[in-house]
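Asks: Sharing query_18.cif, mmCIF, C-alpha atoms:
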data_data
#
loop_
_atom_site.label_atom_id
_atom_site.label_comp_id
_atom_site.auth_asym_id
_atom_site.auth_seq_id
_atom_site.Cartn_x
_atom_site.Cartn_y
_atom_site.Cartn_z
CA MET A 1 19.96 -70.43 -9.39
CA MET A 2 22.22 -73.36 -8.57
CA LEU A 3 25.31 -73.76 -10.72
CA PRO A 4 27.41 -76.93 -10.53
CA PRO A 5 31.19 -76.82 -10.85
CA LYS A 6 32.16 -75.55 -14.26
CA ILE A 7 33.47 -78.14 -16.71
CA ARG A 8 34.97 -76.49 -19.75
CA LEU A 9 36.25 -79.60 -21.50
CA SER A 10 36.04 -83.11 -20.13
CA ASP A 11 37.03 -86.31 -21.94
CA ARG A 12 35.03 -89.08 -20.35
CA PHE A 13 33.18 -92.31 -20.97
CA GLU A 14 29.46 -92.52 -20.32
CA LEU A 15 27.39 -95.68 -19.83
CA LYS A 16 23.59 -95.59 -19.67
CA TYR A 17 21.07 -98.06 -18.28
CA LEU A 18 17.29 -98.20 -18.18
CA LEU A 19 15.89 -99.07 -14.74
CA ASN A 20 12.48 -99.56 -13.23
CA GLN A 21 11.50 -97.82 -10.02
CA VAL A 22 12.39 -100.71 -7.72
CA GLN A 23 15.82 -101.16 -9.31
CA ALA A 24 16.53 -97.44 -9.06
CA GLU A 25 15.53 -97.12 -5.41
CA THR A 26 17.42 -100.25 -4.36
CA LEU A 27 20.59 -99.39 -6.28
CA ALA A 28 20.60 -95.78 -5.04
CA ALA A 29 20.34 -96.98 -1.44
CA GLU A 30 23.30 -99.32 -1.93
CA LEU A 31 25.40 -96.70 -3.73
CA ALA A 32 25.10 -94.45 -0.70
CA ARG A 33 27.44 -96.87 1.08
CA TYR A 34 30.20 -96.26 -1.48
CA MET A 35 29.62 -92.73 -2.76
CA GLY A 36 28.55 -89.35 -1.44
CA ARG A 37 25.45 -87.54 -2.66
CA ASP A 38 25.94 -84.35 -4.67
CA GLN A 39 25.96 -81.58 -2.07
CA ARG A 40 24.54 -79.08 -4.57
CA GLY A 41 21.19 -80.88 -4.58
CA ASP A 42 18.46 -80.79 -1.94
CA GLU A 43 18.64 -82.71 1.33
CA HIS A 44 18.32 -85.92 -0.69
CA GLY A 45 20.91 -84.92 -3.31
CA ARG A 46 18.29 -84.24 -6.01
CA TYR A 47 17.86 -81.28 -8.34
CA LEU A 48 15.99 -80.33 -11.51
CA ILE A 49 17.75 -79.99 -14.89
CA THR A 50 16.09 -78.16 -17.76
CA SER A 51 17.68 -77.89 -21.21
CA LEU A 52 16.72 -76.08 -24.40
CA TYR A 53 18.18 -78.00 -27.36
CA TYR A 54 19.11 -76.52 -30.72
CA ASP A 55 19.18 -78.41 -34.01
CA THR A 56 18.89 -77.88 -37.75
CA ALA A 57 15.52 -77.69 -39.48
CA ASP A 58 15.94 -81.31 -40.63
CA HIS A 59 17.07 -82.52 -37.16
CA ARG A 60 20.65 -83.31 -38.08
CA ALA A 61 21.71 -83.96 -34.46
CA TYR A 62 18.89 -86.48 -34.14
CA TRP A 63 19.81 -88.35 -37.33
CA ASP A 64 23.53 -88.32 -36.48
CA LYS A 65 22.64 -90.34 -33.37
CA ILE A 66 20.21 -92.66 -35.16
CA GLU A 67 22.68 -93.36 -37.97
CA GLY A 68 25.50 -94.01 -35.51
CA HIS A 69 27.91 -91.30 -36.63
CA ARG A 70 31.13 -91.56 -34.64
CA PHE A 71 31.47 -87.78 -34.39
CA ARG A 72 28.36 -85.85 -33.40
CA ARG A 73 27.49 -82.69 -31.48
CA LYS A 74 24.51 -81.16 -29.72
CA VAL A 75 24.10 -77.53 -28.66
CA ARG A 76 21.91 -76.60 -25.69
CA VAL A 77 21.20 -74.00 -23.03
CA ARG A 78 20.94 -75.59 -19.57
CA VAL A 79 19.75 -74.39 -16.17
CA TYR A 80 19.82 -76.14 -12.81
CA GLY A 81 17.28 -75.84 -10.01
CA ARG A 82 13.64 -74.83 -9.70
CA GLU A 83 13.91 -71.07 -9.47
CA GLN A 84 12.09 -69.10 -12.14
CA VAL A 85 14.40 -68.29 -15.05
CA THR A 86 14.79 -64.61 -15.95
CA PRO A 87 16.83 -62.97 -18.75
CA ASP A 88 19.60 -62.37 -16.20
CA THR A 89 19.69 -65.91 -14.79
CA LEU A 90 23.13 -67.46 -15.15
CA CYS A 91 23.08 -70.66 -17.18
CA PHE A 92 25.29 -72.80 -19.37
CA ALA A 93 25.60 -72.56 -23.13
CA GLU A 94 26.94 -76.02 -23.98
CA ILE A 95 28.33 -78.21 -26.70
CA LYS A 96 28.07 -81.91 -25.95
CA GLN A 97 30.03 -83.94 -28.44
CA ARG A 98 30.98 -87.55 -28.88
CA ILE A 99 34.08 -88.80 -30.69
CA ASN A 100 33.83 -92.58 -31.02
CA LYS A 101 33.26 -93.68 -27.40
CA THR A 102 34.64 -90.54 -25.79
CA LEU A 103 32.31 -87.85 -24.50
CA GLN A 104 33.28 -84.20 -24.27
CA LYS A 105 31.35 -81.32 -22.76
CA LYS A 106 32.24 -77.67 -23.36
CA ARG A 107 30.50 -74.96 -21.34
CA ALA A 108 30.34 -71.20 -21.05
CA ILE A 109 28.49 -69.42 -18.25
CA LEU A 110 26.24 -66.65 -19.57
CA PRO A 111 23.07 -64.79 -18.64
CA TYR A 112 20.10 -66.62 -20.14
CA SER A 113 19.31 -63.83 -22.65
CA ALA A 114 22.89 -63.87 -23.97
CA ALA A 115 22.95 -67.68 -24.13
CA VAL A 116 19.80 -67.93 -26.27
CA ASN A 117 21.02 -65.12 -28.53
CA LEU A 118 24.28 -66.97 -29.00
CA CYS A 119 22.72 -70.36 -29.75
CA GLY A 120 19.78 -69.01 -31.73
CA THR A 121 21.36 -66.19 -33.73
CA GLY A 122 25.11 -66.72 -33.45
CA GLU A 123 25.58 -63.41 -31.67
CA VAL A 124 29.00 -63.44 -30.00
CA VAL A 125 29.28 -62.17 -26.45
CA ALA A 126 32.62 -60.92 -25.16
CA SER A 127 33.87 -62.77 -22.11
CA ALA A 128 36.78 -62.01 -19.84
CA ASP A 129 37.34 -65.76 -19.51
CA GLU A 130 39.47 -67.05 -22.38
CA SER A 131 38.07 -70.58 -22.16
CA ASP A 132 34.51 -69.24 -22.16
CA GLN A 133 35.31 -67.14 -25.22
CA LYS A 134 36.50 -70.18 -27.18
CA VAL A 135 33.26 -72.03 -26.43
CA ILE A 136 31.20 -68.98 -27.33
CA GLU A 137 32.96 -68.63 -30.67
CA GLU A 138 32.53 -72.34 -31.43
CA ILE A 139 28.80 -72.18 -30.74
CA SER A 140 28.54 -69.09 -32.95
CA TYR A 141 30.35 -70.95 -35.73
CA LEU A 142 27.99 -73.92 -35.41
CA HIS A 143 24.98 -71.64 -35.64
CA GLN A 144 26.34 -69.89 -38.71
CA THR A 145 27.19 -73.12 -40.54
CA LEU A 146 24.18 -75.21 -39.47
CA ARG A 147 21.51 -72.51 -38.97
CA LEU A 148 20.58 -73.86 -35.58
CA GLN A 149 17.14 -73.19 -34.15
CA PRO A 150 15.42 -74.06 -30.85
CA THR A 151 13.91 -77.52 -31.17
CA CYS A 152 13.01 -79.11 -27.85
CA VAL A 153 12.89 -78.51 -24.10
CA VAL A 154 13.85 -81.48 -21.90
CA SER A 155 13.56 -81.58 -18.11
CA TYR A 156 14.09 -84.24 -15.46
CA ASN A 157 14.91 -84.75 -11.79
CA ARG A 158 18.43 -85.94 -11.06
CA LEU A 159 19.86 -87.76 -8.06
CA ALA A 160 23.64 -87.61 -8.25
CA PHE A 161 26.45 -89.48 -6.49
CA GLU A 162 30.13 -88.51 -6.60
CA GLY A 163 33.18 -90.74 -6.33
CA SER A 164 35.53 -90.86 -3.37
CA ASP A 165 39.25 -90.08 -3.37
CA GLU A 166 39.80 -93.64 -4.66
CA ASP A 167 37.48 -92.97 -7.65
CA PRO A 168 37.76 -89.20 -8.19
CA GLY A 169 36.44 -89.21 -11.76
CA LEU A 170 33.40 -91.34 -11.02
CA ARG A 171 29.89 -89.88 -11.12
CA VAL A 172 26.62 -91.83 -11.07
CA THR A 173 23.25 -90.17 -11.73
CA PHE A 174 19.62 -91.31 -11.63
CA ASP A 175 17.28 -89.32 -13.89
CA THR A 176 13.52 -89.56 -13.36
CA GLN A 177 10.34 -87.71 -14.36
CA LEU A 178 11.73 -87.25 -17.88
CA LYS A 179 9.55 -84.75 -19.74
CA CYS A 180 9.71 -82.67 -22.90
CA ARG A 181 7.93 -80.23 -25.16
CA THR A 182 8.46 -78.94 -28.70
CA HIS A 183 6.24 -75.88 -28.23
CA ASP A 184 6.85 -72.75 -26.14
CA LEU A 185 10.59 -73.07 -26.71
CA THR A 186 11.86 -70.80 -23.98
CA LEU A 187 13.03 -71.47 -20.45
CA LEU A 188 11.40 -68.22 -19.33
CA SER A 189 8.01 -69.95 -19.54
CA GLN A 190 6.20 -71.29 -16.51
CA GLY A 191 4.23 -73.71 -18.69
CA TYR A 192 6.20 -76.76 -17.56
CA THR A 193 2.94 -78.52 -16.61
CA GLU A 194 2.28 -78.85 -20.35
CA ASN A 195 5.36 -81.01 -20.78
CA GLN A 196 4.75 -84.66 -21.59
CA PHE A 197 6.60 -87.73 -20.41
CA PHE A 198 8.91 -89.23 -23.04
CA LEU A 199 9.60 -92.21 -20.79
CA PRO A 200 7.02 -93.75 -18.43
CA PRO A 201 7.23 -92.06 -14.99
CA GLN A 202 8.18 -95.34 -13.31
CA GLN A 203 11.33 -95.65 -15.44
CA CYS A 204 14.74 -94.17 -14.65
CA VAL A 205 17.84 -93.50 -16.74
CA LEU A 206 21.04 -94.42 -14.90
CA GLU A 207 24.24 -92.78 -16.15
CA VAL A 208 27.74 -93.82 -15.13
CA LYS A 209 30.47 -91.32 -16.03
CA VAL A 210 34.11 -92.32 -15.66
CA ASN A 211 37.50 -91.06 -16.77
CA ASN A 212 38.79 -94.51 -17.72
CA ARG A 213 36.73 -97.46 -16.57
CA ALA A 214 34.05 -98.14 -13.98
CA PRO A 215 35.35 -99.69 -10.75
CA TYR A 216 34.78 -103.41 -10.36
CA TRP A 217 32.46 -103.05 -7.35
CA LEU A 218 30.14 -100.79 -9.35
CA THR A 219 29.90 -103.06 -12.40
CA GLU A 220 29.19 -105.99 -10.05
CA LEU A 221 26.46 -103.99 -8.32
CA ILE A 222 24.86 -102.96 -11.60
CA ASN A 223 24.94 -106.53 -12.91
CA TYR A 224 23.54 -107.90 -9.65
CA HIS A 225 20.48 -105.68 -9.97
CA GLY A 226 19.94 -106.65 -13.61
CA CYS A 227 20.30 -103.13 -15.00
CA ALA A 228 19.81 -103.13 -18.77
CA PHE A 229 22.51 -101.31 -20.76
CA ARG A 230 20.93 -98.99 -23.34
CA ARG A 231 22.31 -96.42 -25.78
CA ILE A 232 19.71 -93.89 -24.77
CA SER A 233 19.53 -90.32 -26.05
CA LYS A 234 17.14 -88.16 -24.04
CA TYR A 235 17.00 -85.64 -26.87
CA CYS A 236 16.12 -88.28 -29.45
CA LEU A 237 13.51 -89.91 -27.24
CA ALA A 238 11.95 -86.51 -26.58
CA LEU A 239 11.74 -85.69 -30.28
CA GLU A 240 10.21 -89.05 -31.04
CA GLN A 241 7.57 -88.62 -28.37
CA ALA A 242 6.62 -85.20 -29.71
CA LYS A 243 7.06 -85.82 -33.45
CA LEU A 244 5.34 -89.01 -34.51
CA LYS A 245 6.99 -88.97 -37.95
CA LEU A 246 10.31 -89.94 -36.33
CA SER A 247 10.97 -93.66 -35.95
CA ARG A 248 11.36 -95.00 -32.40
CA GLN A 249 12.87 -98.33 -33.28
CA GLN A 250 16.56 -97.49 -33.33
CA ILE A 251 16.89 -95.48 -30.13
CA PHE A 252 17.35 -98.51 -27.87
CA ALA A 253 20.03 -100.12 -30.06
#
Kindly transcribe the structure held in the file into structure tokens.

Replies:
Amino acid sequence: MMLPPKIRLSDRFELKYLLNQVQAETLAAELARYMGRDQRGDEHGRYLITSLYYDTADHRAYWDKIEGHRFRRKVRVRVYGREQVTPDTLCFAEIKQRINKTLQKKRAILPYSAAVNLCGTGEVVASADESDQKVIEEISYLHQTLRLQPTCVVSYNRLAFEGSDEDPGLRVTFDTQLKCRTHDLTLLSQGYTENQFFLPPQQCVLEVKVNNRAPYWLTELINYHGCAFRRISKYCLALEQAKLKLSRQQIFA
């Protein structure tokens, strides 16, 4: 199972755009002149991401996004690659949180069985890594206070580009084939064919991640191709696709 470099805590800014297929293919081809493809992907720099999200029974994480709360958090278990997940597969137990415009991601590497026990029951696993242990204890605290439960599985294909020495904090990703399910809430399942698209298959979510600000050449390139800035939440879109009682109108604010 492929594991990307471990990010325990990263303060960054994240910009998202909604692209059609032509925009995505053209922009990706041009970016290859400025940035290198992620070497952890396949020969084209692509890989599969699958995440199991946890939320409260009344979908607090969803409503925090919809209502525009300046401080909000999501808990998830994430795996990379297409290999079948087993209880022993190494994965990430993560907290993704936003404070105003700043994005932070906290991760601990755990076997899948330990990660789902942590996020779903609050069971603390001892880790020899002090930073891992702090993340584990924070996730346990969130479960105990919020009574988190598995809510949604989200998967998509990602094409990733990394910045050069001149832009070391820059990362640009293209996410396609965005699918979800709110049944069979385990990553051990092989029932991925039952997932449903929560965005049309010809659409792509472009994400630009930077430490401070995007370089001028990149903003010019994005503007030239008419990329539409959107405050998109994959988790919220997935829930709305699967649960018709949730309003869709505010996601693209």

Asks: Would you compute, for all listed atoms of segment 30-44 of chain A, the axis-aligned bounding box grown by 3 Å on each side, and then report its centre and edge lengths in Å rounded to one decimal, as AutoDock Vina command-line options?

Replies:
--center_x 24.3 --center_y -89.2 --center_z -1.7 --size_x 17.9 --size_y 26.2 --size_z 12.0

Asks: When the PyMOL selection byres ((chain A and resi 59-63) around 8) is applied to the file above, which residues end up in the set, as a VMD selection string?

Replies: chain A and resid 55 to 58 64 to 67 72 to 74 235 to 236

Asks: Give as a ChimeraX atom specification each residue that has an atom at most 8 Å from (10.1, -90.5, -15.5) in the file, counting all atoms listed in the file.

Replies: /A:156,175-179,197-204

Asks: Let me know the residues the PyMOL selection byres ((chain A and resi 109-117) around 9) catches in the file above, as an MDAnalysis selection string.

Replies: chainID A and resid 6 52 76:77 79 85:94 107:108 118:125 127 132 136 150 186:188

Asks: Skip Leu15 of chain A itself and residues of its chain fewer than 4 positions away, then list as a list in words all residues within 12 Å of it, counting all atoms listed in the file.

Replies: Lys101, Thr102, Leu103, Leu170, Arg171, Val172, Thr173, Val205, Leu206, Glu207, Val208, Lys209, Val210, Asn211, Asn212, Arg213, Ala214, Leu218, Thr219, Ile222, Cys227, Ala228, Phe229, Arg230, Arg231, Ile232 and Ser233 of chain A

Asks: For those residues, write C-alpha atoms to a file as a PDB file, in the frame of the given file.

Replies:
ATOM      1  CA  LYS A 101      33.260 -93.680 -27.400  1.00  0.00           C
ATOM      2  CA  THR A 102      34.640 -90.540 -25.790  1.00  0.00           C
ATOM      3  CA  LEU A 103      32.310 -87.850 -24.500  1.00  0.00           C
ATOM      4  CA  LEU A 170      33.400 -91.340 -11.020  1.00  0.00           C
ATOM      5  CA  ARG A 171      29.890 -89.880 -11.120  1.00  0.00           C
ATOM      6  CA  VAL A 172      26.620 -91.830 -11.070  1.00  0.00           C
ATOM      7  CA  THR A 173      23.250 -90.170 -11.730  1.00  0.00           C
ATOM      8  CA  VAL A 205      17.840 -93.500 -16.740  1.00  0.00           C
ATOM      9  CA  LEU A 206      21.040 -94.420 -14.900  1.00  0.00           C
ATOM     10  CA  GLU A 207      24.240 -92.780 -16.150  1.00  0.00           C
ATOM     11  CA  VAL A 208      27.740 -93.820 -15.130  1.00  0.00           C
ATOM     12  CA  LYS A 209      30.470 -91.320 -16.030  1.00  0.00           C
ATOM     13  CA  VAL A 210      34.110 -92.320 -15.660  1.00  0.00           C
ATOM     14  CA  ASN A 211      37.500 -91.060 -16.770  1.00  0.00           C
ATOM     15  CA  ASN A 212      38.790 -94.510 -17.720  1.00  0.00           C
ATOM     16  CA  ARG A 213      36.730 -97.460 -16.570  1.00  0.00           C
ATOM     17  CA  ALA A 214      34.050 -98.140 -13.980  1.00  0.00           C
ATOM     18  CA  LEU A 218      30.140-100.790  -9.350  1.00  0.00           C
ATOM     19  CA  THR A 219      29.900-103.060 -12.400  1.00  0.00           C
ATOM     20  CA  ILE A 222      24.860-102.960 -11.600  1.00  0.00           C
ATOM     21  CA  CYS A 227      20.300-103.130 -15.000  1.00  0.00           C
ATOM     22  CA  ALA A 228      19.810-103.130 -18.770  1.00  0.00           C
ATOM     23  CA  PHE A 229      22.510-101.310 -20.760  1.00  0.00           C
ATOM     24  CA  ARG A 230      20.930 -98.990 -23.340  1.00  0.00           C
ATOM     25  CA  ARG A 231      22.310 -96.420 -25.780  1.00  0.00           C
ATOM     26  CA  ILE A 232      19.710 -93.890 -24.770  1.00  0.00           C
ATOM     27  CA  SER A 233      19.530 -90.320 -26.050  1.00  0.00           C
TER      28      SER A 233
END

Asks: Would you work out the distance separating atom CA of Asn157 of chain A from atom CA of Phe174 of chain A, expressed in Å to one decimal?

Replies: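 If I compute the distance from atom CA of Asn157 of chain A to atom CA of Phe174 of chain A, I get 8.1 Å.
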
Asks: Please determine, counting all atoms listed in the file, which residue among A:Glu220, A:Asp38, A:Glu194, A:Asp11 has the shortest atom-to-atom distance to Gln104 of chain A.

Replies: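 So, comparing all the options, the nearest one is A:Asp11.
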
Asks: Please, what distance in Å, to one decimal, runs between atom CA of Leu31 of chain A and atom CA of Glu43 of chain A?

Replies: 16.3 Å

Asks: Please evaluate the PyMOL selection byres ((chain A and resi 82) around 8) against the displayed coordinates and give the resulting residues as a short mmCIF file (atom, residue, chain, number, x, y, z; two decimals) with C-alpha atoms, keeping the file's coordinate frame.

Replies:
data_model
loop_
_atom_site.label_atom_id
_atom_site.label_comp_id
_atom_site.auth_asym_id
_atom_site.auth_seq_id
_atom_site.Cartn_x
_atom_site.Cartn_y
_atom_site.Cartn_z
CA MET A 1 19.96 -70.43 -9.39
CA TYR A 47 17.86 -81.28 -8.34
CA LEU A 48 15.99 -80.33 -11.51
CA TYR A 80 19.82 -76.14 -12.81
CA GLY A 81 17.28 -75.84 -10.01
CA GLU A 83 13.91 -71.07 -9.47
CA GLN A 84 12.09 -69.10 -12.14
#

Asks: With all atoms listed in the file as the atoms that count, which of A:Ile49, A:Ala128, A:Cys180, A:Ile95 lies nearest to Cys152 of chain A?

Replies: A:Cys180

Asks: When distances are computed from all atoms listed in the file, which of A:Tyr216, A:Ser140, A:Leu159, A:Val153 shows the smallest separation from Gly45 of chain A?

Replies: A:Leu159

Asks: Counting all atoms listed in the file, what is within 12 Å of Glu166 of chain A, bar same-chain residues fewer than 6 positions away, as a compact mmCIF listing (two decimals) with C-alpha atoms, in the frame of the given file?

Replies:
# COMPACT_ATOMS: atom_id res chain seq x y z
CA TYR A 34 30.20 -96.26 -1.48
CA MET A 35 29.62 -92.73 -2.76
CA ALA A 214 34.05 -98.14 -13.98
CA PRO A 215 35.35 -99.69 -10.75

Asks: Figure out the distance between atom CA of Thr50 of chain A and atom CA of Glu30 of chain A, please, to one decimal in Å.

Replies: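 If I compute the distance from atom CA of Glu30 of chain A to atom CA of Thr50 of chain A, I get 27.4 Å.
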